[in-house]
Amino acid sequence: MIIDRFIKTVILTCLLLLTSCAGQVQPDEPVKITPVSQLLAQGNDKLQQRQYVAAIFFYEQVIEQEPENTAAVLGIADASMAINNLSEAGERYEMVLENEPDNLRAAEGKGLVYFKIHNYEHAIEQLTKVLNIDDTRWRSWNALGIIADLEGKHEIAQQHFNKALSIDKKNSAILNNLGYSLIMQQKYAAAEDVFREGLNYEPGFFRIRNNLAISLAWQSRYEAAINVLKQAVKKEVAYNNVGYIALLNKNYDIAENYF
């Protein structure tokens with residue numbers, strides 16, 4: 001019958017379509033996993049560029065593949081400390097030290113966390129231990145220098161900063177701290193020289209520019225101080241800040257004029 005023939009044709013057509021579709025189904029492609037070495041390199045690169053959140057992103061991917069990868073754990077710790085997530089940094093450093101008690105990078109990091117949370121007694125103890133093993137770690141010398149300055153031990157502080165500079169002589173952060181230590185001893189001309197050297201290495205470093213202006217103002221070189229400061233802040237702020245030091249210098253007419 002015609003109807004039977006029609007039904008058979010429809011069924012045959014459907015079978016052919018199903019067979020065709022089945023033939024086109026492809027198995028799921030395997031997920032491509034980025035190699036650990038590549039992720040570590042990307043994390044290290046971002047850390048070097050001070051892109052700390054991005055660095056943590058790549059290190060975390062390493063941890064997903066290798067939960068106890070020391071380099072990645074330390075990378076997360078260093079990046080976390082840089083963005084002041086100190087609890088996270090401390091936990092990561094401790095994690096490394098549990099498995100590798102002699103890891104100096106983790107030991108120094110632990111000391112620097114103590115320093116940042118103002119636990120200076122433990123910071124001194126921890127960082128001194130590190131330096132007794134390896135005295136080429138400038139961050140430890142720098143932190144100990146700042147602590148010494150806070151305790152009024154300025155000569156000792158300068159010894160620490162100079163030791164740090166002997167390891168990394170173009171480090172503007174160390175130079176800034178050394179210069180400020182000299183300001184606290186009222187050695188303004190010497191401080192000026194140190195700040196200018198630091199500014200040569202990092203012209204956009206606001207703190208060192210501000211401190212250079214302060215050292216100039218304390219020498220009563222007010223216009224020079226304003227010219228330095230105006231490159232970083234609004235001129236009204238520059239005049240106000242320099243005017244305040246003129247006031248402390250008892251140059252009242254100049255201070256009033258700047259205000």
# chains A, B, ... in the order shown; residues from 1 in each chain; ligands from 1

call {"tool": "select_by_dssp", "arguments": {"residues": "range 56-209 of chain A", "states": "helix (DSSP H, G or I)", "output": "compact mmCIF listing (two decimals) with N, CA and C atoms, in the first residue's frame"}}
result
# COMPACT_ATOMS: atom_id res chain seq x y z
N ILE A 56 49.71 36.59 42.35
CA ILE A 56 49.03 35.62 43.19
C ILE A 56 48.14 34.71 42.34
N PHE A 57 47.49 35.27 41.34
CA PHE A 57 46.62 34.50 40.44
C PHE A 57 47.40 33.34 39.79
N PHE A 58 48.58 33.63 39.29
CA PHE A 58 49.37 32.58 38.63
C PHE A 58 49.92 31.58 39.65
N TYR A 59 50.38 32.07 40.79
CA TYR A 59 50.90 31.15 41.81
C TYR A 59 49.81 30.20 42.32
N GLU A 60 48.60 30.71 42.46
CA GLU A 60 47.50 29.87 42.92
C GLU A 60 47.24 28.73 41.94
N GLN A 61 47.40 29.00 40.66
CA GLN A 61 47.22 27.95 39.66
C GLN A 61 48.28 26.86 39.80
N VAL A 62 49.47 27.26 40.20
CA VAL A 62 50.53 26.28 40.46
C VAL A 62 50.11 25.40 41.64
N ILE A 63 49.61 26.05 42.70
CA ILE A 63 49.20 25.33 43.91
C ILE A 63 48.11 24.31 43.60
N GLU A 64 47.23 24.64 42.65
CA GLU A 64 46.18 23.69 42.28
C GLU A 64 46.76 22.39 41.74
N GLN A 65 47.88 22.50 41.06
CA GLN A 65 48.53 21.31 40.51
C GLN A 65 49.49 20.68 41.50
N THR A 70 57.02 24.91 46.78
CA THR A 70 57.63 25.92 47.64
C THR A 70 57.73 27.27 46.96
N ALA A 71 58.15 27.28 45.70
CA ALA A 71 58.32 28.54 44.99
C ALA A 71 57.01 29.31 44.88
N ALA A 72 55.92 28.59 44.62
CA ALA A 72 54.62 29.25 44.50
C ALA A 72 54.12 29.75 45.85
N VAL A 73 54.31 28.95 46.89
CA VAL A 73 53.88 29.36 48.24
C VAL A 73 54.64 30.62 48.67
N LEU A 74 55.94 30.64 48.41
CA LEU A 74 56.73 31.82 48.75
C LEU A 74 56.33 33.03 47.90
N GLY A 75 56.00 32.78 46.63
CA GLY A 75 55.54 33.86 45.77
C GLY A 75 54.26 34.49 46.29
N ILE A 76 53.33 33.66 46.73
CA ILE A 76 52.08 34.17 47.31
C ILE A 76 52.37 34.95 48.58
N ALA A 77 53.29 34.43 49.40
CA ALA A 77 53.65 35.11 50.65
C ALA A 77 54.24 36.48 50.38
N ASP A 78 55.19 36.56 49.45
CA ASP A 78 55.84 37.84 49.14
C ASP A 78 54.84 38.84 48.56
N ALA A 79 53.99 38.37 47.65
CA ALA A 79 53.00 39.26 47.04
C ALA A 79 51.98 39.72 48.08
N SER A 80 51.58 38.82 48.97
CA SER A 80 50.61 39.17 50.01
C SER A 80 51.19 40.21 50.96
N MET A 81 52.47 40.07 51.30
CA MET A 81 53.09 41.06 52.18
C MET A 81 53.17 42.42 51.50
N ALA A 82 53.43 42.41 50.19
CA ALA A 82 53.54 43.67 49.45
C ALA A 82 52.23 44.44 49.44
N LEU A 86 49.04 40.78 55.69
CA LEU A 86 50.12 40.23 56.50
C LEU A 86 49.76 38.88 57.12
N SER A 87 48.51 38.65 57.43
CA SER A 87 48.12 37.36 58.00
C SER A 87 48.33 36.25 56.98
N GLU A 88 47.94 36.52 55.73
CA GLU A 88 48.14 35.54 54.66
C GLU A 88 49.63 35.30 54.44
N ALA A 89 50.41 36.37 54.41
CA ALA A 89 51.85 36.24 54.20
C ALA A 89 52.48 35.40 55.31
N GLY A 90 52.12 35.70 56.55
CA GLY A 90 52.67 34.96 57.68
C GLY A 90 52.34 33.48 57.63
N GLU A 91 51.11 33.16 57.27
CA GLU A 91 50.70 31.77 57.18
C GLU A 91 51.49 31.03 56.10
N ARG A 92 51.71 31.68 54.98
CA ARG A 92 52.44 31.04 53.88
C ARG A 92 53.91 30.83 54.24
N TYR A 93 54.51 31.80 54.89
CA TYR A 93 55.91 31.62 55.30
C TYR A 93 56.02 30.47 56.30
N GLU A 94 55.09 30.40 57.25
CA GLU A 94 55.11 29.32 58.23
C GLU A 94 54.92 27.97 57.55
N MET A 95 54.08 27.94 56.52
CA MET A 95 53.83 26.70 55.79
C MET A 95 55.13 26.16 55.19
N VAL A 96 55.91 27.06 54.63
CA VAL A 96 57.20 26.65 54.06
C VAL A 96 58.15 26.19 55.15
N LEU A 97 58.22 26.94 56.25
CA LEU A 97 59.16 26.62 57.32
C LEU A 97 58.83 25.29 57.99
N GLU A 98 57.57 24.89 57.98
CA GLU A 98 57.22 23.59 58.55
C GLU A 98 57.87 22.46 57.77
N ASN A 99 57.95 22.62 56.45
CA ASN A 99 58.56 21.59 55.60
C ASN A 99 60.05 21.81 55.38
N LEU A 104 65.76 30.24 54.05
CA LEU A 104 66.06 31.60 54.51
C LEU A 104 65.08 32.63 53.98
N ARG A 105 64.56 32.41 52.77
CA ARG A 105 63.59 33.36 52.23
C ARG A 105 62.34 33.39 53.09
N ALA A 106 61.89 32.22 53.52
CA ALA A 106 60.72 32.15 54.39
C ALA A 106 61.05 32.70 55.78
N ALA A 107 62.25 32.40 56.27
CA ALA A 107 62.64 32.89 57.59
C ALA A 107 62.73 34.41 57.61
N GLU A 108 63.30 34.98 56.55
CA GLU A 108 63.37 36.44 56.46
C GLU A 108 61.97 37.02 56.33
N GLY A 109 61.13 36.39 55.51
CA GLY A 109 59.76 36.87 55.35
C GLY A 109 59.01 36.91 56.67
N LYS A 110 59.21 35.87 57.48
CA LYS A 110 58.58 35.83 58.80
C LYS A 110 59.04 37.01 59.65
N GLY A 111 60.34 37.30 59.60
CA GLY A 111 60.86 38.44 60.36
C GLY A 111 60.31 39.76 59.86
N LEU A 112 60.14 39.88 58.55
CA LEU A 112 59.61 41.12 57.98
C LEU A 112 58.14 41.31 58.32
N VAL A 113 57.40 40.20 58.44
CA VAL A 113 56.01 40.30 58.89
C VAL A 113 55.97 40.82 60.33
N TYR A 114 56.84 40.29 61.20
CA TYR A 114 56.94 40.81 62.56
C TYR A 114 57.21 42.32 62.54
N PHE A 115 58.13 42.73 61.67
CA PHE A 115 58.47 44.14 61.55
C PHE A 115 57.26 44.98 61.14
N LYS A 116 56.51 44.49 60.17
CA LYS A 116 55.38 45.26 59.66
C LYS A 116 54.23 45.35 60.66
N TYR A 120 58.64 44.51 67.14
CA TYR A 120 60.04 44.73 66.85
C TYR A 120 60.98 43.77 67.59
N GLU A 121 60.60 43.35 68.78
CA GLU A 121 61.44 42.43 69.52
C GLU A 121 61.62 41.12 68.75
N HIS A 122 60.50 40.56 68.28
CA HIS A 122 60.59 39.31 67.52
C HIS A 122 61.22 39.54 66.14
N ALA A 123 60.98 40.71 65.56
CA ALA A 123 61.58 41.02 64.26
C ALA A 123 63.10 41.03 64.37
N ILE A 124 63.62 41.71 65.40
CA ILE A 124 65.08 41.77 65.58
C ILE A 124 65.65 40.36 65.77
N GLU A 125 64.99 39.58 66.60
CA GLU A 125 65.46 38.22 66.86
C GLU A 125 65.48 37.38 65.59
N GLN A 126 64.38 37.43 64.84
CA GLN A 126 64.25 36.61 63.63
C GLN A 126 65.22 37.06 62.54
N LEU A 127 65.30 38.36 62.29
CA LEU A 127 66.15 38.87 61.22
C LEU A 127 67.63 38.72 61.55
N THR A 128 67.96 38.83 62.81
CA THR A 128 69.36 38.63 63.22
C THR A 128 69.78 37.19 62.98
N LYS A 129 68.89 36.25 63.24
CA LYS A 129 69.18 34.84 62.96
C LYS A 129 69.45 34.63 61.47
N VAL A 130 68.64 35.27 60.66
CA VAL A 130 68.82 35.15 59.21
C VAL A 130 70.18 35.70 58.79
N LEU A 131 70.51 36.88 59.29
CA LEU A 131 71.77 37.53 58.90
C LEU A 131 72.99 36.79 59.43
N ASN A 132 72.84 36.08 60.52
CA ASN A 132 73.95 35.27 61.03
C ASN A 132 74.29 34.13 60.08
N ILE A 133 73.30 33.73 59.28
CA ILE A 133 73.51 32.66 58.30
C ILE A 133 73.90 33.24 56.94
N TRP A 138 69.54 42.32 51.99
CA TRP A 138 69.40 43.75 52.25
C TRP A 138 68.10 44.09 52.96
N ARG A 139 67.04 43.33 52.71
CA ARG A 139 65.76 43.64 53.37
C ARG A 139 65.87 43.52 54.89
N SER A 140 66.62 42.54 55.33
CA SER A 140 66.81 42.37 56.78
C SER A 140 67.59 43.54 57.37
N TRP A 141 68.69 43.93 56.70
CA TRP A 141 69.47 45.08 57.17
C TRP A 141 68.61 46.35 57.17
N ASN A 142 67.83 46.53 56.13
CA ASN A 142 66.99 47.72 56.01
C ASN A 142 65.97 47.79 57.15
N ALA A 143 65.30 46.67 57.41
CA ALA A 143 64.30 46.64 58.48
C ALA A 143 64.95 46.91 59.84
N LEU A 144 66.10 46.30 60.08
CA LEU A 144 66.80 46.54 61.35
C LEU A 144 67.24 47.99 61.47
N GLY A 145 67.58 48.62 60.35
CA GLY A 145 67.94 50.04 60.37
C GLY A 145 66.76 50.91 60.78
N ILE A 146 65.59 50.61 60.23
CA ILE A 146 64.39 51.39 60.58
C ILE A 146 64.07 51.23 62.06
N ILE A 147 64.17 50.00 62.56
CA ILE A 147 63.89 49.77 63.98
C ILE A 147 64.87 50.54 64.85
N ALA A 148 66.14 50.52 64.47
CA ALA A 148 67.15 51.26 65.25
C ALA A 148 66.84 52.75 65.27
N ASP A 149 66.42 53.30 64.12
CA ASP A 149 66.05 54.72 64.08
C ASP A 149 64.88 55.01 65.02
N LEU A 150 63.88 54.13 65.00
CA LEU A 150 62.71 54.32 65.86
C LEU A 150 63.10 54.28 67.34
N HIS A 154 70.52 56.16 66.01
CA HIS A 154 70.69 56.60 64.63
C HIS A 154 72.01 56.14 64.01
N GLU A 155 73.06 56.14 64.78
CA GLU A 155 74.35 55.70 64.23
C GLU A 155 74.30 54.22 63.85
N ILE A 156 73.67 53.41 64.71
CA ILE A 156 73.51 51.98 64.40
C ILE A 156 72.62 51.82 63.17
N ALA A 157 71.56 52.64 63.10
CA ALA A 157 70.66 52.59 61.95
C ALA A 157 71.42 52.84 60.66
N GLN A 158 72.28 53.85 60.66
CA GLN A 158 73.03 54.17 59.44
C GLN A 158 74.00 53.06 59.07
N GLN A 159 74.55 52.39 60.07
CA GLN A 159 75.41 51.24 59.78
C GLN A 159 74.62 50.15 59.07
N HIS A 160 73.40 49.93 59.54
CA HIS A 160 72.54 48.91 58.91
C HIS A 160 72.18 49.32 57.48
N PHE A 161 71.82 50.59 57.30
CA PHE A 161 71.45 51.05 55.95
C PHE A 161 72.64 50.97 55.00
N ASN A 162 73.81 51.34 55.48
CA ASN A 162 75.01 51.27 54.64
C ASN A 162 75.35 49.82 54.28
N LYS A 163 75.10 48.91 55.21
CA LYS A 163 75.30 47.50 54.91
C LYS A 163 74.33 47.05 53.82
N ALA A 164 73.08 47.50 53.93
CA ALA A 164 72.08 47.17 52.91
C ALA A 164 72.49 47.73 51.56
N LEU A 165 73.00 48.96 51.55
CA LEU A 165 73.42 49.60 50.29
C LEU A 165 74.64 48.92 49.69
N SER A 166 75.48 48.33 50.51
CA SER A 166 76.64 47.61 49.97
C SER A 166 76.19 46.38 49.18
N ILE A 167 74.96 45.94 49.44
CA ILE A 167 74.40 44.79 48.74
C ILE A 167 73.60 45.24 47.52
N SER A 172 66.52 52.78 45.92
CA SER A 172 66.04 54.09 46.37
C SER A 172 65.31 54.01 47.71
N ALA A 173 64.72 52.86 48.02
CA ALA A 173 64.04 52.72 49.31
C ALA A 173 65.04 52.78 50.46
N ILE A 174 66.17 52.10 50.30
CA ILE A 174 67.21 52.15 51.34
C ILE A 174 67.77 53.57 51.44
N LEU A 175 68.04 54.20 50.31
CA LEU A 175 68.56 55.57 50.32
C LEU A 175 67.59 56.52 51.00
N ASN A 176 66.31 56.33 50.77
CA ASN A 176 65.31 57.18 51.42
C ASN A 176 65.37 57.02 52.94
N ASN A 177 65.50 55.78 53.39
CA ASN A 177 65.56 55.54 54.83
C ASN A 177 66.84 56.09 55.44
N LEU A 178 67.95 55.95 54.72
CA LEU A 178 69.21 56.52 55.21
C LEU A 178 69.12 58.03 55.28
N GLY A 179 68.56 58.66 54.26
CA GLY A 179 68.41 60.11 54.24
C GLY A 179 67.55 60.60 55.38
N TYR A 180 66.46 59.89 55.65
CA TYR A 180 65.58 60.32 56.73
C TYR A 180 66.26 60.16 58.09
N SER A 181 67.10 59.13 58.21
CA SER A 181 67.86 58.95 59.43
C SER A 181 68.78 60.15 59.66
N LEU A 182 69.38 60.65 58.58
CA LEU A 182 70.25 61.83 58.67
C LEU A 182 69.45 63.07 59.04
N ILE A 183 68.22 63.19 58.52
CA ILE A 183 67.36 64.32 58.89
C ILE A 183 67.09 64.30 60.39
N MET A 184 66.85 63.12 60.93
CA MET A 184 66.56 63.02 62.37
C MET A 184 67.76 63.43 63.22
N TYR A 188 71.22 67.89 57.50
CA TYR A 188 70.35 68.14 56.35
C TYR A 188 71.09 68.13 55.01
N ALA A 189 72.30 68.65 54.98
CA ALA A 189 73.06 68.66 53.72
C ALA A 189 73.43 67.25 53.30
N ALA A 190 73.83 66.44 54.27
CA ALA A 190 74.15 65.04 53.97
C ALA A 190 72.90 64.29 53.51
N ALA A 191 71.79 64.59 54.15
CA ALA A 191 70.53 63.95 53.76
C ALA A 191 70.16 64.34 52.33
N GLU A 192 70.36 65.62 52.00
CA GLU A 192 70.06 66.08 50.64
C GLU A 192 70.83 65.27 49.60
N ASP A 193 72.10 65.05 49.85
CA ASP A 193 72.92 64.29 48.89
C ASP A 193 72.38 62.87 48.70
N VAL A 194 71.97 62.25 49.79
CA VAL A 194 71.44 60.89 49.72
C VAL A 194 70.11 60.85 48.95
N PHE A 195 69.24 61.82 49.25
CA PHE A 195 67.95 61.86 48.55
C PHE A 195 68.13 62.11 47.05
N ARG A 196 69.05 62.97 46.69
CA ARG A 196 69.28 63.26 45.27
C ARG A 196 69.79 62.00 44.54
N GLU A 197 70.63 61.26 45.21
CA GLU A 197 71.12 60.02 44.61
C GLU A 197 69.96 59.05 44.39
N GLY A 198 69.09 58.92 45.39
CA GLY A 198 67.94 58.03 45.26
C GLY A 198 67.00 58.47 44.16
N LEU A 199 66.82 59.78 44.03
CA LEU A 199 65.92 60.32 43.02
C LEU A 199 66.47 60.08 41.61
N ASN A 200 67.77 60.03 41.48
CA ASN A 200 68.38 59.70 40.18
C ASN A 200 67.99 58.30 39.74
N TYR A 201 67.89 57.38 40.70
CA TYR A 201 67.55 56.00 40.38
C TYR A 201 66.05 55.80 40.17
N PHE A 206 57.73 59.28 45.22
CA PHE A 206 57.21 60.49 45.87
C PHE A 206 57.87 60.73 47.23
N ARG A 207 57.99 59.69 48.04
CA ARG A 207 58.51 59.89 49.39
C ARG A 207 59.91 60.49 49.38
N ILE A 208 60.74 60.03 48.47
CA ILE A 208 62.11 60.54 48.45
C ILE A 208 62.15 61.99 47.94
N ARG A 209 61.23 62.32 47.02
CA ARG A 209 61.13 63.70 46.55
C ARG A 209 60.64 64.61 47.68

call {"tool": "closest_residue", "arguments": {"among": "A:Gly43, A:Asn84, A:Asp102, A:Glu202", "to": "Ile117 in chain A", "atoms": "only C-alpha atoms"}}
result
A:Asn84

call {"tool": "closest_residue", "arguments": {"among": "A:Ala54, A:Ile83, A:Ala246, A:Ala238", "to": "Arg221 in chain A", "atoms": "only C-alpha atoms"}}
result
A:Ala246

call {"tool": "atom_distance", "arguments": {"atom1": "CA of Ser220 in chain A", "atom2": "CA of Glu236 in chain A"}}
result
18.7 Å

call {"tool": "atom_distance", "arguments": {"atom1": "CA of Asn85 in chain A", "atom2": "CA of Arg137 in chain A"}}
result
22.2 Å

call {"tool": "atom_distance", "arguments": {"atom1": "CA of Pro67 in chain A", "atom2": "CA of Gln49 in chain A"}}
result
24.7 Å
